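A.B. asks: Handing you a structure now.
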Amino acid sequence: MTDPKVGTLLALAVIIFTVWAFGRLLGRIGQPPVIGEIVAGIVLGPSLFGLLAPDASAWLFPAPVVGALGVLAQVGLVLFMFMIGMELDVGRLRGHGSRVAAVAGSSIAVPLVLALGLGLLLYPGYGGSADEVVFCLYIAAAMAITAFPVLARILKDSALAGTRIGTISLVAAAINDVVAWCLLAFVLALSRAGGPGGGVRTLVLSVVFIAVMLLLVRPLLARLGDVPIWLALLVALLAAWFADRAGIHVIFGGFLAGAVMPRRADWLRTMHERLDVVVTYLLLPVFFVMSGLSTHVEGLRTAGVWGVVALVIVVATAGKLGGTAVAARVAGERWNDAVTLGVLMNTRGLTELVVLSVGLQAGIISSTVYTVMVLMALVTTLMAPPLLRLRFARPTAEPLVAVR
């Protein structure tokens, strides 16, 4: 392929069709479309397409095309996090009582503790050149994530949206992910600091960045009323650039830019509708495939590595599903509802891929650990719909009320 610009167009066409096809295919068996999209990325990567047709794969995805796709994936990632930031409704965190606190606290604390132990166990064989503390903290942050957008989609598909259990899970996931993102930012700062001086610089710039966004940018945007889309995009891209310059990552800039946008329901709905088509149907599929190009399932050839895969899945499920369910039961939920909350909080999906891609790019994890964690994200998300259909995980469909 001689012209990378023309080659990128063909690659985009293949990506869009493949992601759509697998999303529809998995959707027909009760899985959220995001699972099909993740699978499509793996299929187009070296694990299948590159293995079965290496020449065709190299022709479709040569280095210049992969570079161009990487830029699109980066933009898609920033805009996706911008949309997630806009969906963060802090008002939901008020008036929901001790059960939300129990679910949110357990769904972050238990996975963190178990994952820290798992990181210590894995580091000698899989830590590579990463610092042991950074590696273990990163594994902990990655295992503690709940995929907020995937959770919202599962709630909608299972008719749990708007119910008490659905609302508790969404609020808990919001708290959960804020803590996990903060921990990830801290880990990235440690990995990039290069010494005490670098760490202090990153901390100072991060505090300045957050203060400017919350104390200056947010009030200015609030005065404008309906922020023009060009200005919203400008804020998102500049925030992402500054976050990277501060030593953390572009995703935090995009997320914080979304979080400081005005909380006007009509404007938020309009912005979401305008961005959703481009992000969901063009840019995120590119991100899925770029993630797939980094996933090497064919490299997991030994029984020992597959044993690690099984161990990671068990620890992830025990931490999220088990920890959440037990805490919810202790807080007064019926077992059906407690298990349902655990199943919902155990979903990871797209958000996990974002976290894993950041760790891979930062050199904290190897491609082997990346692949293991991608499989964990797939399995823990795949298990949610069938478990929710089982009798023991069927909640009472109570309407939304304030939980005291």
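Every chain in the structure tokens has a letter given in the order shown (A, B, ...), and although residue numbers restart at 1 in each chain, ligands are simply numbered from 1 in the order shown.
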Show me a table, sorted first by chain and then by increasing residue number, of the residues of range 145-253 of chain A having an atom at most 12 Å from range 321-326 of chain A, each with its shortest atom pair and the distance in Å to one decimal, counting only C-alpha atoms and written as a tab-separated table.
C.D. replies:
residue	atom	partner	partner_atom	distance
A:Thr146	CA	A:Leu321	CA	11.0
A:Ile168	CA	A:Thr324	CA	11.7
A:Ser169	CA	A:Thr324	CA	10.1
A:Ala172	CA	A:Thr324	CA	10.1
A:Ala173	CA	A:Thr324	CA	11.2
A:Asn176	CA	A:Thr324	CA	11.5
A.B. asks: Grab the residues selected above and save them as a PDB file, in the first residue's frame with N, CA and C atoms.
C.D. replies:
ATOM      1  N   THR A 146     -14.655  -0.212  37.560  1.00  0.00           N
ATOM      2  CA  THR A 146     -15.953  -0.659  37.049  1.00  0.00           C
ATOM      3  C   THR A 146     -16.250   0.166  35.806  1.00  0.00           C
ATOM      4  N   ILE A 168     -28.290   2.514  42.934  1.00  0.00           N
ATOM      5  CA  ILE A 168     -27.206   2.270  43.886  1.00  0.00           C
ATOM      6  C   ILE A 168     -25.934   1.872  43.146  1.00  0.00           C
ATOM      7  N   SER A 169     -26.079   0.985  42.149  1.00  0.00           N
ATOM      8  CA  SER A 169     -24.897   0.517  41.414  1.00  0.00           C
ATOM      9  C   SER A 169     -24.250   1.660  40.636  1.00  0.00           C
ATOM     10  N   ALA A 172     -22.514   4.014  43.162  1.00  0.00           N
ATOM     11  CA  ALA A 172     -21.323   3.335  43.688  1.00  0.00           C
ATOM     12  C   ALA A 172     -20.228   3.268  42.627  1.00  0.00           C
ATOM     13  N   ALA A 173     -20.616   3.007  41.371  1.00  0.00           N
ATOM     14  CA  ALA A 173     -19.630   2.939  40.287  1.00  0.00           C
ATOM     15  C   ALA A 173     -18.967   4.288  40.063  1.00  0.00           C
ATOM     16  N   ASN A 176     -16.564   4.716  42.893  1.00  0.00           N
ATOM     17  CA  ASN A 176     -15.542   3.718  42.644  1.00  0.00           C
ATOM     18  C   ASN A 176     -14.525   4.194  41.617  1.00  0.00           C
TER      19      ASN A 176
END
A.B. asks: Taking into account only C-alpha atoms, which residue in the set A:Ala303, A:Leu378, A:Ala53, A:Ala185 is nearest to Ile251 in chain A?
C.D. replies: A:Ala185
A.B. asks: Run DSSP on the backbone and grab whatever in range 233-360 of chain A lands in alpha helix (DSSP H); send it over as number ranges by chain.
C.D. replies: A: 233-246, 250-259, 265-278, 284-293, 303-317, 323-330, 335-345, 349-360
A.B. asks: Take the residues from that selection and write them out as an mmCIF file, in the first residue's frame, keeping C-alpha atoms.
C.D. replies:
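Generated output (again.cif):
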data_model
loop_
_atom_site.group_PDB
_atom_site.id
_atom_site.type_symbol
_atom_site.label_atom_id
_atom_site.label_comp_id
_atom_site.auth_asym_id
_atom_site.auth_seq_id
_atom_site.Cartn_x
_atom_site.Cartn_y
_atom_site.Cartn_z
ATOM 1 C CA LEU A 233 -14.037 20.540 22.194
ATOM 2 C CA LEU A 234 -11.338 23.194 22.585
ATOM 3 C CA VAL A 235 -11.495 22.886 26.378
ATOM 4 C CA ALA A 236 -11.347 19.076 26.160
ATOM 5 C CA LEU A 237 -8.329 19.003 23.843
ATOM 6 C CA LEU A 238 -6.389 21.691 25.716
ATOM 7 C CA ALA A 239 -7.142 20.031 29.054
ATOM 8 C CA ALA A 240 -5.902 16.707 27.669
ATOM 9 C CA TRP A 241 -2.723 18.350 26.381
ATOM 10 C CA PHE A 242 -2.014 20.062 29.709
ATOM 11 C CA ALA A 243 -2.718 16.877 31.672
ATOM 12 C CA ASP A 244 -0.066 15.111 29.613
ATOM 13 C CA ARG A 245 2.369 17.998 30.111
ATOM 14 C CA ALA A 246 1.705 17.829 33.844
ATOM 15 C CA VAL A 250 -4.548 12.813 28.448
ATOM 16 C CA ILE A 251 -7.527 10.789 29.699
ATOM 17 C CA PHE A 252 -7.617 12.763 32.956
ATOM 18 C CA GLY A 253 -7.700 16.024 31.049
ATOM 19 C CA GLY A 254 -10.583 14.836 28.904
ATOM 20 C CA PHE A 255 -12.473 13.512 31.924
ATOM 21 C CA LEU A 256 -11.992 16.681 33.984
ATOM 22 C CA ALA A 257 -13.020 18.836 31.011
ATOM 23 C CA GLY A 258 -16.311 16.931 30.847
ATOM 24 C CA ALA A 259 -16.790 17.186 34.606
ATOM 25 C CA ALA A 265 -29.822 18.601 31.123
ATOM 26 C CA ASP A 266 -30.907 19.826 27.668
ATOM 27 C CA TRP A 267 -27.425 21.029 26.772
ATOM 28 C CA LEU A 268 -25.789 17.830 28.027
ATOM 29 C CA ARG A 269 -28.258 15.754 26.008
ATOM 30 C CA THR A 270 -27.551 17.779 22.867
ATOM 31 C CA MET A 271 -23.784 17.545 23.323
ATOM 32 C CA HIS A 272 -24.003 13.812 23.899
ATOM 33 C CA GLU A 273 -26.081 13.318 20.744
ATOM 34 C CA ARG A 274 -23.646 15.353 18.642
ATOM 35 C CA LEU A 275 -20.550 13.563 19.895
ATOM 36 C CA ASP A 276 -21.989 10.069 20.226
ATOM 37 C CA VAL A 277 -22.158 9.259 16.504
ATOM 38 C CA VAL A 278 -18.556 10.233 15.760
ATOM 39 C CA LEU A 284 -13.927 4.174 19.498
ATOM 40 C CA PRO A 285 -13.825 1.346 16.920
ATOM 41 C CA VAL A 286 -10.332 2.566 16.055
ATOM 42 C CA PHE A 287 -9.418 2.422 19.732
ATOM 43 C CA PHE A 288 -10.757 -1.153 19.967
ATOM 44 C CA VAL A 289 -8.626 -2.254 17.044
ATOM 45 C CA MET A 290 -5.536 -0.461 18.343
ATOM 46 C CA SER A 291 -6.109 -2.322 21.612
ATOM 47 C CA GLY A 292 -6.480 -5.537 19.626
ATOM 48 C CA LEU A 293 -3.188 -4.924 17.853
ATOM 49 C CA ALA A 303 -0.124 -23.860 30.921
ATOM 50 C CA GLY A 304 1.525 -21.564 33.450
ATOM 51 C CA VAL A 305 0.401 -18.411 31.653
ATOM 52 C CA TRP A 306 -3.145 -19.736 31.278
ATOM 53 C CA GLY A 307 -3.012 -20.501 34.980
ATOM 54 C CA VAL A 308 -2.220 -16.825 35.544
ATOM 55 C CA VAL A 309 -5.226 -15.900 33.385
ATOM 56 C CA ALA A 310 -7.482 -18.098 35.536
ATOM 57 C CA LEU A 311 -5.991 -16.707 38.748
ATOM 58 C CA VAL A 312 -6.505 -13.108 37.636
ATOM 59 C CA ILE A 313 -10.137 -13.806 36.709
ATOM 60 C CA VAL A 314 -10.793 -15.502 40.058
ATOM 61 C CA VAL A 315 -9.182 -12.677 42.055
ATOM 62 C CA ALA A 316 -10.996 -10.023 40.022
ATOM 63 C CA THR A 317 -14.362 -11.728 40.486
ATOM 64 C CA GLY A 323 -16.702 -8.184 48.125
ATOM 65 C CA THR A 324 -19.639 -6.084 46.935
ATOM 66 C CA ALA A 325 -22.237 -8.814 47.561
ATOM 67 C CA VAL A 326 -21.074 -9.538 51.109
ATOM 68 C CA ALA A 327 -20.900 -5.847 52.012
ATOM 69 C CA ALA A 328 -24.354 -5.179 50.547
ATOM 70 C CA ARG A 329 -25.787 -8.123 52.474
ATOM 71 C CA VAL A 330 -24.219 -6.886 55.725
ATOM 72 C CA TRP A 335 -29.159 -11.867 48.977
ATOM 73 C CA ASN A 336 -30.739 -11.570 45.514
ATOM 74 C CA ASP A 337 -30.147 -7.824 45.478
ATOM 75 C CA ALA A 338 -26.705 -8.126 47.067
ATOM 76 C CA VAL A 339 -25.551 -10.621 44.417
ATOM 77 C CA THR A 340 -27.055 -8.455 41.672
ATOM 78 C CA LEU A 341 -25.045 -5.481 42.909
ATOM 79 C CA GLY A 342 -21.917 -7.636 42.929
ATOM 80 C CA VAL A 343 -22.539 -8.811 39.343
ATOM 81 C CA LEU A 344 -23.108 -5.247 38.144
ATOM 82 C CA MET A 345 -20.009 -3.870 39.848
ATOM 83 C CA GLY A 349 -15.327 -3.709 29.522
ATOM 84 C CA LEU A 350 -14.242 -0.571 27.703
ATOM 85 C CA THR A 351 -13.027 1.362 30.748
ATOM 86 C CA GLU A 352 -10.665 -1.488 31.575
ATOM 87 C CA LEU A 353 -9.220 -1.339 28.047
ATOM 88 C CA VAL A 354 -8.553 2.369 28.520
ATOM 89 C CA VAL A 355 -6.687 1.717 31.772
ATOM 90 C CA LEU A 356 -4.736 -1.186 30.271
ATOM 91 C CA SER A 357 -3.731 0.805 27.197
ATOM 92 C CA VAL A 358 -2.401 3.561 29.446
ATOM 93 C CA GLY A 359 -0.331 1.058 31.416
ATOM 94 C CA LEU A 360 1.055 -0.549 28.280
#
A.B. asks: Using only C-alpha atoms, determine which residues lie at most 8 Å from Gly117 in chain A, disregarding the query and same-chain residues fewer than 4 positions distant; provide the list as number ranges by chain.
C.D. replies: A: 113, 121, 136
A.B. asks: Using C-alpha atoms, can you write the selected residues to a file as a tab-separated table (two decimals), in the first residue's frame?
C.D. replies:
chain	number	residue	atom	x	y	z
A	113	VAL	CA	-6.27	-5.39	48.68
A	121	LEU	CA	2.82	-12.59	43.38
A	136	CYS	CA	1.55	-3.54	42.12
